[in-house]
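Structure data follow from start-v8.csv (CSV, C-alpha atoms and all ligand atoms):
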```
chain,number,residue,atom,x,y,z
P,1,MET,CA,-5.6,7.1,8.0
P,2,PHE,CA,-3.8,10.4,7.8
P,3,LYS,CA,-1.1,9.1,5.5
P,4,HIS,CA,-3.8,7.6,3.2
P,5,LEU,CA,-5.6,11.0,3.1
P,6,GLN,CA,-2.3,12.8,2.4
P,7,GLU,CA,-1.5,10.5,-0.5
P,8,LYS,CA,-5.1,10.8,-1.8
P,9,TRP,CA,-4.8,14.6,-1.8
P,10,GLY,CA,-1.3,14.5,-3.2
P,11,VAL,CA,0.1,17.1,-0.7
P,12,SER,CA,3.2,17.4,1.5
P,13,THR,CA,3.0,16.7,5.2
P,14,ARG,CA,3.2,20.4,6.0
P,15,GLN,CA,0.5,21.3,3.5
P,16,PHE,CA,-1.7,18.4,4.9
P,17,TRP,CA,-1.6,19.9,8.4
P,18,ILE,CA,-2.3,23.4,7.2
P,19,ILE,CA,-5.4,22.0,5.3
P,20,PHE,CA,-6.5,20.2,8.4
P,21,ILE,CA,-6.2,23.5,10.4
P,22,ILE,CA,-8.2,25.4,7.8
P,23,PHE,CA,-11.0,22.8,8.1
P,24,GLY,CA,-10.9,23.2,11.9
P,25,LEU,CA,-10.9,27.0,11.8
P,26,THR,CA,-13.7,27.0,9.3
P,27,GLY,CA,-15.9,24.6,11.4
P,28,THR,CA,-15.3,26.7,14.5
P,29,THR,CA,-16.0,30.0,12.8
P,30,THR,CA,-19.1,28.7,11.1
P,31,ALA,CA,-20.5,27.4,14.5
P,32,LEU,CA,-19.8,30.8,16.2
P,33,LEU,CA,-21.3,32.6,13.2
P,34,THR,CA,-24.4,30.5,13.3
P,35,ARG,CA,-24.9,31.2,17.0
P,36,TYR,CA,-24.4,34.9,16.4
P,37,ILE,CA,-26.8,35.1,13.5
P,38,THR,CA,-29.4,33.0,15.3
P,39,ALA,CA,-29.3,35.4,18.3
P,40,TRP,CA,-29.3,38.5,16.0
P,41,LEU,CA,-32.4,37.2,14.2
P,42,GLY,CA,-34.0,36.7,17.6
P,43,MET,CA,-34.4,32.9,17.0
P,44,ASP,CA,-34.9,30.8,20.2
P,45,ALA,CA,-36.6,27.6,21.3
P,46,THR,CA,-40.0,28.9,20.2
P,47,THR,CA,-38.9,29.5,16.6
P,48,HIS,CA,-40.3,27.0,14.0
P,49,TRP,CA,-37.8,24.3,13.2
P,50,VAL,CA,-38.2,25.0,9.4
P,51,TRP,CA,-36.6,28.5,9.9
P,52,LYS,CA,-33.7,27.0,11.9
P,53,VAL,CA,-33.1,24.4,9.2
P,54,LEU,CA,-33.2,26.9,6.4
P,55,LEU,CA,-30.7,29.1,8.2
P,56,GLN,CA,-28.3,26.3,8.9
P,57,VAL,CA,-28.5,25.0,5.3
P,58,SER,CA,-27.8,28.5,3.9
P,59,ILE,CA,-24.9,29.0,6.2
P,60,LEU,CA,-23.5,25.6,5.3
P,61,LEU,CA,-24.0,26.1,1.6
P,62,PHE,CA,-22.6,29.6,1.3
P,63,GLY,CA,-21.1,30.9,4.6
P,64,TYR,CA,-19.0,27.8,5.2
P,65,GLN,CA,-17.6,27.7,1.7
P,66,CYS,CA,-16.8,31.5,1.8
P,67,ILE,CA,-15.1,31.2,5.2
P,68,LEU,CA,-13.2,28.1,4.0
P,69,LEU,CA,-11.9,30.0,0.9
P,70,THR,CA,-11.0,33.0,3.1
P,71,TYR,CA,-8.9,30.9,5.5
P,72,ALA,CA,-7.4,29.1,2.5
P,73,ALA,CA,-6.3,32.4,0.9
P,74,LEU,CA,-4.9,33.7,4.2
P,75,LEU,CA,-2.9,30.5,4.8
P,76,GLY,CA,-1.7,30.2,1.3
P,77,GLN,CA,-3.8,27.2,0.3
P,78,TRP,CA,-6.1,28.9,-2.2
P,79,ALA,CA,-5.2,26.5,-5.1
P,80,PHE,CA,-6.0,23.4,-3.1
P,81,PHE,CA,-9.3,24.7,-1.8
P,82,TRP,CA,-10.4,26.2,-5.0
P,83,LYS,CA,-10.1,22.8,-6.7
P,84,TYR,CA,-11.9,21.3,-3.7
P,85,GLU,CA,-14.8,23.7,-4.2
P,86,LYS,CA,-14.9,23.0,-8.0
P,87,LYS,CA,-14.9,19.3,-7.2
P,88,LEU,CA,-17.8,19.8,-4.8
P,89,CYS,CA,-19.7,21.8,-7.4
P,90,ARG,CA,-19.1,19.1,-10.0
P,91,LYS,CA,-20.4,16.5,-7.6
P,92,LEU,CA,-23.5,18.6,-6.9
P,93,GLY,CA,-24.0,19.0,-10.7
P,94,ILE,CA,-23.5,22.7,-10.6
P,95,ILE,CA,-20.6,22.6,-13.1
P,96,ARG,CA,-19.5,20.0,-15.6
P,97,SER,CA,-16.2,18.0,-15.7
P,98,GLU,CA,-13.3,19.8,-17.1
P,99,ARG,CA,-10.6,18.7,-19.5
P,100,ARG,CA,-7.9,20.7,-21.3
P,101,ASP,CA,-7.0,20.8,-24.9
P,102,ILE,CA,-3.5,20.7,-26.3
P,103,SER,CA,-3.0,24.4,-26.0
P,104,GLY,CA,-4.0,24.3,-22.3
P,105,LYS,CA,-7.5,25.8,-22.8
P,106,LEU,CA,-10.3,24.4,-20.8
P,107,PHE,CA,-13.1,22.5,-22.5
P,108,ILE,CA,-16.2,21.3,-20.7
P,109,ASP,CA,-18.4,19.3,-22.9
P,110,ASP,CA,-18.3,16.8,-25.8
P,111,ARG,CA,-19.2,19.4,-28.5
P,112,MET,CA,-16.2,21.5,-27.4
P,113,HIS,CA,-14.1,18.3,-27.2
P,114,GLN,CA,-14.9,17.6,-30.8
P,115,LYS,CA,-13.9,21.2,-31.8
P,116,SER,CA,-10.8,20.9,-29.7
P,117,LYS,CA,-9.9,17.5,-31.3
P,118,ILE,CA,-9.9,19.1,-34.7
P,119,LYS,CA,-7.8,22.0,-33.4
P,120,ASN,CA,-5.4,19.5,-31.7
P,121,GLN,CA,-5.1,17.5,-34.8
P,122,LYS,CA,-4.2,20.6,-36.7
P,123,LEU,CA,-1.6,21.5,-34.1
P,124,VAL,CA,-0.2,18.0,-34.2
P,125,GLU,CA,0.0,18.2,-38.0
P,126,GLU,CA,1.6,21.6,-37.8
P,127,ARG,CA,4.2,20.3,-35.4
P,128,GLN,CA,5.0,17.4,-37.7
P,129,THR,CA,5.7,19.5,-40.8
P,130,PRO,CA,9.3,19.4,-41.9
P,131,ASN,CA,9.9,23.0,-40.8
P,132,SER,CA,8.9,22.5,-37.2
P,133,LYS,CA,11.1,20.0,-35.3
P,134,PRO,CA,10.0,16.8,-37.0
P,135,GLN,CA,12.1,14.7,-34.6
P,136,THR,CA,10.6,16.0,-31.4
P,137,LYS,CA,9.6,13.1,-29.2
P,138,LYS,CA,6.6,13.8,-27.1
P,139,ILE,CA,6.2,12.4,-23.6
P,140,ALA,CA,3.1,12.0,-21.6
P,141,ILE,CA,3.5,11.8,-17.8
P,142,PHE,CA,1.0,9.9,-15.9
P,143,ALA,CA,0.9,11.0,-12.3
P,144,SER,CA,-1.7,11.4,-9.6
P,145,GLY,CA,0.2,12.7,-6.6
P,146,ALA,CA,2.2,15.8,-5.6
P,147,GLY,CA,4.0,15.6,-8.9
P,148,SER,CA,7.5,16.5,-7.7
P,149,ASN,CA,9.0,14.0,-10.2
P,150,ALA,CA,6.9,15.3,-13.0
P,151,GLU,CA,8.1,18.8,-12.3
P,152,LYS,CA,11.8,17.7,-12.3
P,153,ILE,CA,11.3,16.0,-15.6
P,154,ILE,CA,9.5,19.0,-17.1
P,155,GLU,CA,12.2,21.4,-15.9
P,156,HIS,CA,15.0,19.1,-17.1
P,157,LEU,CA,13.5,18.8,-20.6
P,158,ALA,CA,12.1,22.4,-20.8
P,159,HIS,CA,14.8,23.6,-23.2
P,160,HIS,CA,15.6,20.2,-24.8
P,161,SER,CA,15.6,20.5,-28.6
P,162,SER,CA,14.1,17.1,-29.3
P,163,LEU,CA,12.2,16.0,-26.2
P,164,GLN,CA,9.0,17.6,-24.9
P,165,VAL,CA,6.6,16.8,-22.1
P,166,ALA,CA,3.4,17.3,-24.1
P,167,LEU,CA,0.7,16.0,-21.7
P,168,ILE,CA,0.0,15.2,-18.1
P,169,ILE,CA,-2.5,12.5,-17.4
P,170,CYS,CA,-4.0,12.3,-13.9
P,171,ASN,CA,-6.8,10.4,-12.3
P,172,LYS,CA,-7.3,12.5,-9.2
P,173,THR,CA,-9.0,15.9,-9.1
P,174,GLY,CA,-7.0,18.3,-7.0
P,175,ALA,CA,-3.7,16.4,-7.3
P,176,GLY,CA,-0.7,18.6,-6.9
P,177,VAL,CA,0.6,17.5,-10.4
P,178,LEU,CA,-2.3,19.3,-12.0
P,179,SER,CA,-1.1,22.6,-10.6
P,180,ILE,CA,2.4,21.8,-11.8
P,181,ALA,CA,1.0,21.2,-15.3
P,182,GLU,CA,-0.8,24.5,-15.2
P,183,LYS,CA,2.3,26.4,-13.9
P,184,HIS,CA,4.4,25.0,-16.8
P,185,HIS,CA,1.6,25.5,-19.3
P,186,ILE,CA,1.3,21.9,-20.1
P,187,PRO,CA,-2.1,20.5,-21.1
P,188,SER,CA,-3.5,18.1,-18.5
P,189,LEU,CA,-6.2,15.5,-18.8
P,190,LEU,CA,-8.3,14.0,-16.0
P,191,ILE,CA,-9.1,10.5,-16.8
P,192,ASN,CA,-11.8,8.1,-15.6
P,193,LYS,CA,-11.8,4.4,-14.8
P,194,GLU,CA,-14.4,3.4,-17.3
P,195,THR,CA,-12.5,4.6,-20.4
P,196,PHE,CA,-9.1,3.6,-18.9
P,197,PHE,CA,-10.0,0.0,-18.1
P,198,GLY,CA,-13.2,-0.6,-20.2
P,199,GLY,CA,-12.6,1.6,-23.2
P,200,ASP,CA,-9.5,2.4,-25.4
P,201,ALA,CA,-7.4,3.3,-22.3
P,202,TYR,CA,-7.1,6.8,-23.8
P,203,VAL,CA,-4.9,5.5,-26.7
P,204,GLY,CA,-6.9,7.7,-29.1
P,205,VAL,CA,-6.3,10.8,-27.1
P,206,LEU,CA,-2.6,10.0,-26.7
P,207,LYS,CA,-2.2,9.5,-30.4
P,208,GLU,CA,-4.1,12.7,-31.0
P,209,TYR,CA,-1.5,14.5,-28.9
P,210,GLY,CA,1.3,12.8,-30.8
P,211,ILE,CA,2.6,11.0,-27.7
P,212,ASP,CA,5.7,8.8,-28.4
P,213,PHE,CA,6.6,7.8,-24.8
P,214,ILE,CA,4.8,7.4,-21.5
P,215,VAL,CA,6.4,8.0,-18.1
P,216,LEU,CA,4.6,6.9,-14.9
P,217,ALA,CA,5.6,9.0,-12.0
P,218,GLY,CA,3.3,8.2,-9.1
P,219,PHE,CA,0.5,6.7,-11.0
P,220,LEU,CA,-1.3,4.0,-9.1
P,221,TRP,CA,-3.7,2.4,-11.5
P,222,LYS,CA,-2.5,-0.8,-13.3
P,223,ILE,CA,-1.7,-0.2,-16.9
P,224,PRO,CA,-4.2,-2.1,-19.2
P,225,GLY,CA,-3.0,-4.3,-22.0
P,226,THR,CA,-4.6,-2.0,-24.6
P,227,LEU,CA,-2.2,0.8,-23.6
P,228,ILE,CA,0.8,-1.5,-23.3
P,229,ASN,CA,0.1,-3.0,-26.8
P,230,ALA,CA,-0.2,0.5,-28.2
P,231,TYR,CA,3.1,1.6,-26.7
P,232,PRO,CA,5.3,-1.6,-26.6
P,233,GLY,CA,8.6,-0.9,-24.8
P,234,LYS,CA,7.6,2.8,-24.5
P,235,ILE,CA,6.1,2.9,-21.0
P,236,ILE,CA,8.4,3.2,-18.0
P,237,ASN,CA,7.7,3.6,-14.2
P,238,ILE,CA,9.7,4.6,-11.2
P,239,HIS,CA,9.3,2.6,-8.0
P,240,PRO,CA,10.6,3.9,-4.6
P,241,ALA,CA,12.5,0.7,-3.6
P,242,LEU,CA,15.0,-1.8,-5.0
P,243,LEU,CA,12.8,-4.1,-6.9
P,244,PRO,CA,12.0,-7.0,-6.9
P,245,LYS,CA,11.8,-6.4,-3.1
P,246,TYR,CA,8.9,-4.2,-1.8
P,247,GLY,CA,7.0,-4.1,-5.1
P,248,GLY,CA,3.6,-5.4,-6.3
P,249,LYS,CA,0.0,-4.6,-5.6
P,250,GLY,CA,-0.5,-2.3,-2.7
P,251,MET,CA,3.2,-1.4,-2.4
P,252,TYR,CA,3.2,2.3,-3.0
P,253,GLY,CA,3.9,5.6,-1.2
P,254,MET,CA,4.7,5.4,2.5
P,255,ARG,CA,3.8,1.7,2.7
P,256,VAL,CA,7.0,0.9,0.8
P,257,HIS,CA,9.2,2.9,3.2
P,258,GLU,CA,7.4,1.6,6.3
P,259,SER,CA,8.0,-2.0,5.1
P,260,VAL,CA,11.6,-1.3,4.4
P,261,ILE,CA,12.2,0.1,7.9
P,262,ALA,CA,10.1,-2.6,9.6
P,263,ALA,CA,12.2,-5.3,7.8
P,264,GLY,CA,15.4,-3.6,9.2
P,265,GLU,CA,16.9,-3.2,5.7
P,266,LYS,CA,20.3,-1.4,5.6
P,267,GLU,CA,19.7,-0.2,2.1
P,268,SER,CA,16.9,1.0,-0.1
P,269,GLY,CA,16.7,2.9,-3.4
P,270,ILE,CA,14.8,3.4,-6.6
P,271,THR,CA,14.1,1.3,-9.6
P,272,ILE,CA,13.2,2.6,-13.0
P,273,HIS,CA,11.6,-0.2,-15.1
P,274,TYR,CA,9.6,-1.0,-18.2
P,275,VAL,CA,5.9,-1.5,-17.5
P,276,ASN,CA,4.1,-4.7,-18.2
P,277,GLU,CA,0.6,-5.9,-17.1
P,278,HIS,CA,1.8,-6.8,-13.6
P,279,PHE,CA,2.6,-4.2,-11.0
P,280,ASP,CA,6.3,-3.5,-10.7
P,281,GLU,CA,7.4,-6.6,-12.7
P,282,GLY,CA,8.7,-5.1,-16.0
P,283,GLU,CA,12.3,-5.4,-16.9
P,284,PRO,CA,14.5,-3.1,-14.8
P,285,ILE,CA,16.3,-0.2,-16.6
P,286,PHE,CA,18.1,1.6,-13.7
P,287,GLN,CA,18.6,1.3,-10.0
P,288,ALA,CA,20.3,3.6,-7.5
P,289,SER,CA,20.5,3.0,-3.7
P,290,CYS,CA,20.9,4.8,-0.5
P,291,ALA,CA,21.7,3.7,3.1
P,292,VAL,CA,18.9,3.2,5.6
P,293,ASP,CA,20.4,4.1,9.0
P,294,GLU,CA,19.1,3.3,12.4
P,295,TYR,CA,17.6,6.7,12.9
P,296,ASP,CA,15.6,6.7,9.7
P,297,THR,CA,11.9,6.9,9.8
P,298,PRO,CA,9.5,6.2,6.9
P,299,ASP,CA,9.4,10.0,6.4
P,300,SER,CA,13.1,10.6,6.4
P,301,LEU,CA,13.6,7.6,4.1
P,302,ALA,CA,10.9,9.0,1.8
P,303,GLN,CA,12.9,12.2,1.6
P,304,LYS,CA,16.1,10.4,0.7
P,305,ILE,CA,14.3,8.4,-2.0
P,306,HIS,CA,12.7,11.5,-3.4
P,307,ALA,CA,16.2,13.1,-3.7
P,308,LEU,CA,17.4,10.0,-5.5
P,309,GLU,CA,14.5,10.1,-7.9
P,310,HIS,CA,14.9,13.8,-8.7
P,311,ALA,CA,18.6,13.3,-9.3
P,312,HIS,CA,18.2,10.3,-11.7
P,313,PHE,CA,14.8,10.0,-13.3
P,314,PRO,CA,15.0,13.0,-15.7
P,315,GLN,CA,18.4,11.9,-17.0
P,316,VAL,CA,17.5,8.3,-17.4
P,317,ILE,CA,14.4,9.3,-19.4
P,318,GLU,CA,16.4,11.6,-21.6
P,319,LYS,CA,19.1,8.9,-22.3
P,320,LEU,CA,16.6,6.1,-22.8
P,321,ILE,CA,14.4,8.0,-25.4
P,322,LEU,CA,17.4,9.4,-27.2
P,323,SER,CA,19.1,6.1,-27.4
P,324,ALA,CA,15.9,4.4,-28.7
P,325,GLY,CA,16.1,6.8,-31.6
H,1,LIG,C1,7.5,8.5,-6.1
H,1,LIG,O1,8.1,8.2,-4.9
H,1,LIG,C2,7.6,7.4,-7.1
H,1,LIG,O2,8.6,6.5,-6.8
H,1,LIG,C3,6.3,6.7,-6.9
H,1,LIG,O3,5.4,7.7,-6.6
H,1,LIG,C4,6.0,8.8,-6.0
H,1,LIG,C5,5.6,10.0,-6.7
H,1,LIG,O4,6.0,11.2,-6.0
H,1,LIG,N1,5.9,5.9,-8.0
H,1,LIG,P1,5.8,12.6,-6.6
H,1,LIG,O5,4.3,12.8,-6.8
H,1,LIG,O6,6.5,12.7,-7.9
H,1,LIG,O7,6.3,13.6,-5.6
```

Could you quickly redo this structure as structure tokens?
Amino acid sequence: MFKHLQEKWGVSTRQFWIIFIIFGLTGTTTALLTRYITAWLGMDATTHWVWKVLLQVSILLFGYQCILLTYAALLGQWAFFWKYEKKLCRKLGIIRSERRDISGKLFIDDRMHQKSKIKNQKLVEERQTPNSKPQTKKIAIFASGAGSNAEKIIEHLAHHSSLQVALIICNKTGAGVLSIAEKHHIPSLLINKETFFGGDAYVGVLKEYGIDFIVLAGFLWKIPGTLINAYPGKIINIHPALLPKYGGKGMYGMRVHESVIAAGEKESGITIHYVNEHFDEGEPIFQASCAVDEYDTPDSLAQKIHALEHAHFPQVIEKLILSAG
């Protein structure tokens, strides 16, 4: 259950436990505070229940959130909890969903989206004029986890003359990759299932951003035919095992490493492959392996695999796009 939560939040094990401690501290502090305020206001068994409920609701609505953010700031987890608060507000309808335009500015409703579309179009056109790097290939990274691979790719291509990470697509509010996009001033887009599977799969938006190539780096949704047809041979994925073994539906994250260890494999690795409409079945492009030794745990194996991914994925992407012309 913990692993599932950790993957859902897209955080490291250390960060996961700090977050857990923050929730614990906040709960305890809120309970103590409620007791203190109740006594201070002179409330006891004779007080009408309505007053007690009102007090508890106000403490939960405001006090709890403030204490949570205070602990978050003190323990260095402000970014995670600020996003958590925003998500909560969005769920309660206090604020609206956010998206970012091509220049990284936030826009919050469809009217602004329309304006932003026009602005993005202009920026795309400007970038395609003969004077401004006409051959630059633009990459969209689809990721929904911590985003360590996305960051390595961004850093590797940061000063590249003809390749540019132009957009991060994510389906999880609060995912680490969104902070990485922000840190590197790359526009990010939070997507929803309805448009992805039932609409145009964001092909319109990708074209609007001038995207030439799509890289999946920890993106768990299956890629729909609409998107594959719009980018034939231009979508690749990285899988944390030596495919065809340990791939397919449900084989992601720690589940892969747990299965590899449970099977007593002596070797694991990474596979970079083209994406088709079936999970992990597209044509392989590159594999690299590492030893699995008897003392390896799913965690230690995950670290080895991440190191392999960081060492090879950015270079493979660079070579592949440049050789495709
Ligand atoms: C990587 O292990 C990759 O193989 C898999 O998802 C993981 C993403 O990790 N597809 P990160 O978010 O890049 O750290």

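Across the structure, atom CA of Ala217 of chain P and atom CA of Lys91 of chain P are spaced 27.4 Å apart.
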
*Give me, please, the distance in Å between atom CA of Ile236 of chain P and atom CA of His160 of chain P, quoted to one decimal.*
19.7 Å

*asked:* If we count all atoms listed in the file and set the cut-off at 8 Å, which residues sit around segment 32-45 of chain P, ignoring sequence neighbours fewer than 3 positions away in its own chain? Please answer as a list of chain:residue names.
replied: P:Thr28, P:Thr29, P:Lys52, P:Gln56, P:Ile59

Please report, as a Markdown table, each residue of chain P lying at most 8 Å from ligand LIG 1 (chain H), together with the nearest pair of atoms and the separation in Å rounded to one decimal; use all atoms listed in the file, and order rows by chain and ascending residue number.
```
| residue | atom | partner | partner_atom | distance |
| --- | --- | --- | --- | --- |
| P:Gly10 | CA | H:LIG1 | O5 | 6.9 |
| P:Ala143 | CA | H:LIG1 | O5 | 6.7 |
| P:Ser144 | CA | H:LIG1 | O5 | 6.8 |
| P:Gly145 | CA | H:LIG1 | O5 | 4.1 |
| P:Ala146 | CA | H:LIG1 | O5 | 3.9 |
| P:Gly147 | CA | H:LIG1 | O5 | 3.5 |
| P:Ser148 | CA | H:LIG1 | O7 | 3.8 |
| P:Asn149 | CA | H:LIG1 | O6 | 3.6 |
| P:Ala150 | CA | H:LIG1 | O6 | 5.7 |
| P:Glu151 | CA | H:LIG1 | O6 | 7.7 |
| P:Gly176 | CA | H:LIG1 | O5 | 7.7 |
| P:Val177 | CA | H:LIG1 | O5 | 7.0 |
| P:Leu216 | CA | H:LIG1 | N1 | 7.1 |
| P:Ala217 | CA | H:LIG1 | N1 | 5.1 |
| P:Gly218 | CA | H:LIG1 | O3 | 3.3 |
| P:Phe219 | CA | H:LIG1 | N1 | 6.2 |
| P:Leu220 | CA | H:LIG1 | N1 | 7.5 |
| P:Asn237 | CA | H:LIG1 | N1 | 6.9 |
| P:Ile238 | CA | H:LIG1 | O2 | 4.9 |
| P:His239 | CA | H:LIG1 | O2 | 4.1 |
| P:Pro240 | CA | H:LIG1 | O2 | 3.9 |
| P:Ala241 | CA | H:LIG1 | O2 | 7.7 |
| P:Tyr252 | CA | H:LIG1 | C3 | 6.6 |
| P:Gly253 | CA | H:LIG1 | O3 | 6.0 |
| P:Ile270 | CA | H:LIG1 | O2 | 6.9 |
| P:Ala302 | CA | H:LIG1 | O1 | 7.3 |
| P:Ile305 | CA | H:LIG1 | O1 | 6.8 |
| P:His306 | CA | H:LIG1 | O1 | 5.9 |
| P:Glu309 | CA | H:LIG1 | O2 | 7.0 |
```

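One distance worth recording is that between atom CA of Ile214 of chain P and atom CA of Arg90 of chain P, which is 29.0 Å.
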
Give one line per residue of segment 185-252 of chain P that approaches segment 165-175 of chain P to at most 6 Å, naming the two atoms of the closest pair and their distance in Å to one decimal, counting all atoms listed in the file; sort by chain then ascending residue number and deliver it as a Markdown table.
```
| residue | atom | partner | partner_atom | distance |
| --- | --- | --- | --- | --- |
| P:Pro187 | CA | P:Leu167 | CA | 5.3 |
| P:Ser188 | CA | P:Ile168 | CA | 4.6 |
| P:Leu189 | CA | P:Ile169 | CA | 5.0 |
| P:Leu190 | CA | P:Cys170 | CA | 5.1 |
| P:Ile191 | CA | P:Asn171 | CA | 5.1 |
```

*May I have the residues at most 12 Å from (8.3, 22.2, -19.8) in the file's coordinates, counting all atoms listed in the file, as a ChimeraX atom specification?*
/P:138-141,150-161,163-168,180-187

*Compare P:Leu55, P:Ile18, P:Leu25, P:Ala79 by their minimum atom-to-atom distance to Leu178 of chain P, counting only C-alpha atoms, and give me the closest one.*
P:Ala79

*Compile the contact shell of Tyr231 of chain P as a VMD selection string: residues with an atom at most 12 Å away, counting only C-alpha atoms, same-chain residues fewer than 5 positions apart removed.*
chain P and resid 139 to 140 201 to 204 206 to 207 211 to 215 223 to 226 236 274 to 276

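Among the candidate residues P:Thr70, P:Cys89, P:Gly63, P:Thr13, the one lying nearest to Asp299 of chain P is P:Thr13, with distances computed using all atoms listed in the file.
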
*Any idea what's packed within 12 Å of Val260 of chain P, counting all atoms listed in the file, ignoring anything in its chain fewer than 3 positions away? Could you give it as number ranges by chain?*
P: 240-243, 245-247, 251-257, 263-269, 291-294, 296-299, 301-302, 305

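Proximity ranking of P:Thr30, P:Asn192, P:Gln77, P:Thr47 relative to Leu61 of chain P places P:Thr30 first, based on only C-alpha atoms.
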
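Minimum atom-to-atom distances from P:Ser162, P:Pro232, P:Pro244, P:Gln65 to Thr136 of chain P were compared using only C-alpha atoms, and the lowest value belongs to P:Ser162.
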
May I ask you to restore N, CA and C atoms in segment 67-85 of chain P and write the result as a PDB file, in the frame of the given file?
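Produced file selection_24.pdb, reproduced below:
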```pdb
ATOM      1  N   ILE P  67     -16.078  31.104   4.110  1.00  0.00           N
ATOM      2  CA  ILE P  67     -15.100  31.200   5.200  1.00  0.00           C
ATOM      3  C   ILE P  67     -13.912  30.234   4.882  1.00  0.00           C
ATOM      4  N   LEU P  68     -14.237  29.058   4.332  1.00  0.00           N
ATOM      5  CA  LEU P  68     -13.200  28.100   4.000  1.00  0.00           C
ATOM      6  C   LEU P  68     -12.193  28.729   2.992  1.00  0.00           C
ATOM      7  N   LEU P  69     -12.732  29.375   1.963  1.00  0.00           N
ATOM      8  CA  LEU P  69     -11.900  30.000   0.900  1.00  0.00           C
ATOM      9  C   LEU P  69     -11.079  31.159   1.536  1.00  0.00           C
ATOM     10  N   THR P  70     -11.711  31.882   2.493  1.00  0.00           N
ATOM     11  CA  THR P  70     -11.000  33.000   3.100  1.00  0.00           C
ATOM     12  C   THR P  70      -9.795  32.513   3.893  1.00  0.00           C
ATOM     13  N   TYR P  71     -10.020  31.492   4.732  1.00  0.00           N
ATOM     14  CA  TYR P  71      -8.900  30.900   5.500  1.00  0.00           C
ATOM     15  C   TYR P  71      -7.839  30.362   4.519  1.00  0.00           C
ATOM     16  N   ALA P  72      -8.334  29.702   3.458  1.00  0.00           N
ATOM     17  CA  ALA P  72      -7.400  29.100   2.500  1.00  0.00           C
ATOM     18  C   ALA P  72      -6.513  30.177   1.878  1.00  0.00           C
ATOM     19  N   ALA P  73      -7.124  31.311   1.516  1.00  0.00           N
ATOM     20  CA  ALA P  73      -6.300  32.400   0.900  1.00  0.00           C
ATOM     21  C   ALA P  73      -5.343  32.942   1.929  1.00  0.00           C
ATOM     22  N   LEU P  74      -5.822  33.127   3.173  1.00  0.00           N
ATOM     23  CA  LEU P  74      -4.900  33.700   4.200  1.00  0.00           C
ATOM     24  C   LEU P  74      -3.765  32.783   4.519  1.00  0.00           C
ATOM     25  N   LEU P  75      -4.011  31.466   4.467  1.00  0.00           N
ATOM     26  CA  LEU P  75      -2.900  30.500   4.800  1.00  0.00           C
ATOM     27  C   LEU P  75      -2.233  29.932   3.606  1.00  0.00           C
ATOM     28  N   GLY P  76      -2.425  30.579   2.474  1.00  0.00           N
ATOM     29  CA  GLY P  76      -1.700  30.200   1.300  1.00  0.00           C
ATOM     30  C   GLY P  76      -2.093  28.887   0.631  1.00  0.00           C
ATOM     31  N   GLN P  77      -3.347  28.467   0.851  1.00  0.00           N
ATOM     32  CA  GLN P  77      -3.800  27.200   0.300  1.00  0.00           C
ATOM     33  C   GLN P  77      -4.945  27.380  -0.704  1.00  0.00           C
ATOM     34  N   TRP P  78      -4.981  28.559  -1.329  1.00  0.00           N
ATOM     35  CA  TRP P  78      -6.100  28.900  -2.200  1.00  0.00           C
ATOM     36  C   TRP P  78      -6.228  27.813  -3.334  1.00  0.00           C
ATOM     37  N   ALA P  79      -5.117  27.432  -3.969  1.00  0.00           N
ATOM     38  CA  ALA P  79      -5.200  26.500  -5.100  1.00  0.00           C
ATOM     39  C   ALA P  79      -5.859  25.205  -4.727  1.00  0.00           C
ATOM     40  N   PHE P  80      -5.444  24.652  -3.575  1.00  0.00           N
ATOM     41  CA  PHE P  80      -6.000  23.400  -3.100  1.00  0.00           C
ATOM     42  C   PHE P  80      -7.514  23.499  -2.905  1.00  0.00           C
ATOM     43  N   PHE P  81      -7.895  24.546  -2.151  1.00  0.00           N
ATOM     44  CA  PHE P  81      -9.300  24.700  -1.800  1.00  0.00           C
ATOM     45  C   PHE P  81     -10.187  25.101  -2.937  1.00  0.00           C
ATOM     46  N   TRP P  82      -9.630  25.845  -3.862  1.00  0.00           N
ATOM     47  CA  TRP P  82     -10.400  26.200  -5.000  1.00  0.00           C
ATOM     48  C   TRP P  82     -10.773  25.002  -5.842  1.00  0.00           C
ATOM     49  N   LYS P  83      -9.785  24.097  -5.944  1.00  0.00           N
ATOM     50  CA  LYS P  83     -10.100  22.800  -6.700  1.00  0.00           C
ATOM     51  C   LYS P  83     -11.065  22.010  -5.880  1.00  0.00           C
ATOM     52  N   TYR P  84     -10.942  22.056  -4.552  1.00  0.00           N
ATOM     53  CA  TYR P  84     -11.900  21.300  -3.700  1.00  0.00           C
ATOM     54  C   TYR P  84     -13.301  21.819  -3.931  1.00  0.00           C
ATOM     55  N   GLU P  85     -13.464  23.145  -4.004  1.00  0.00           N
ATOM     56  CA  GLU P  85     -14.800  23.700  -4.200  1.00  0.00           C
ATOM     57  C   GLU P  85     -15.310  23.340  -5.611  1.00  0.00           C
TER      58      GLU P  85
END
```
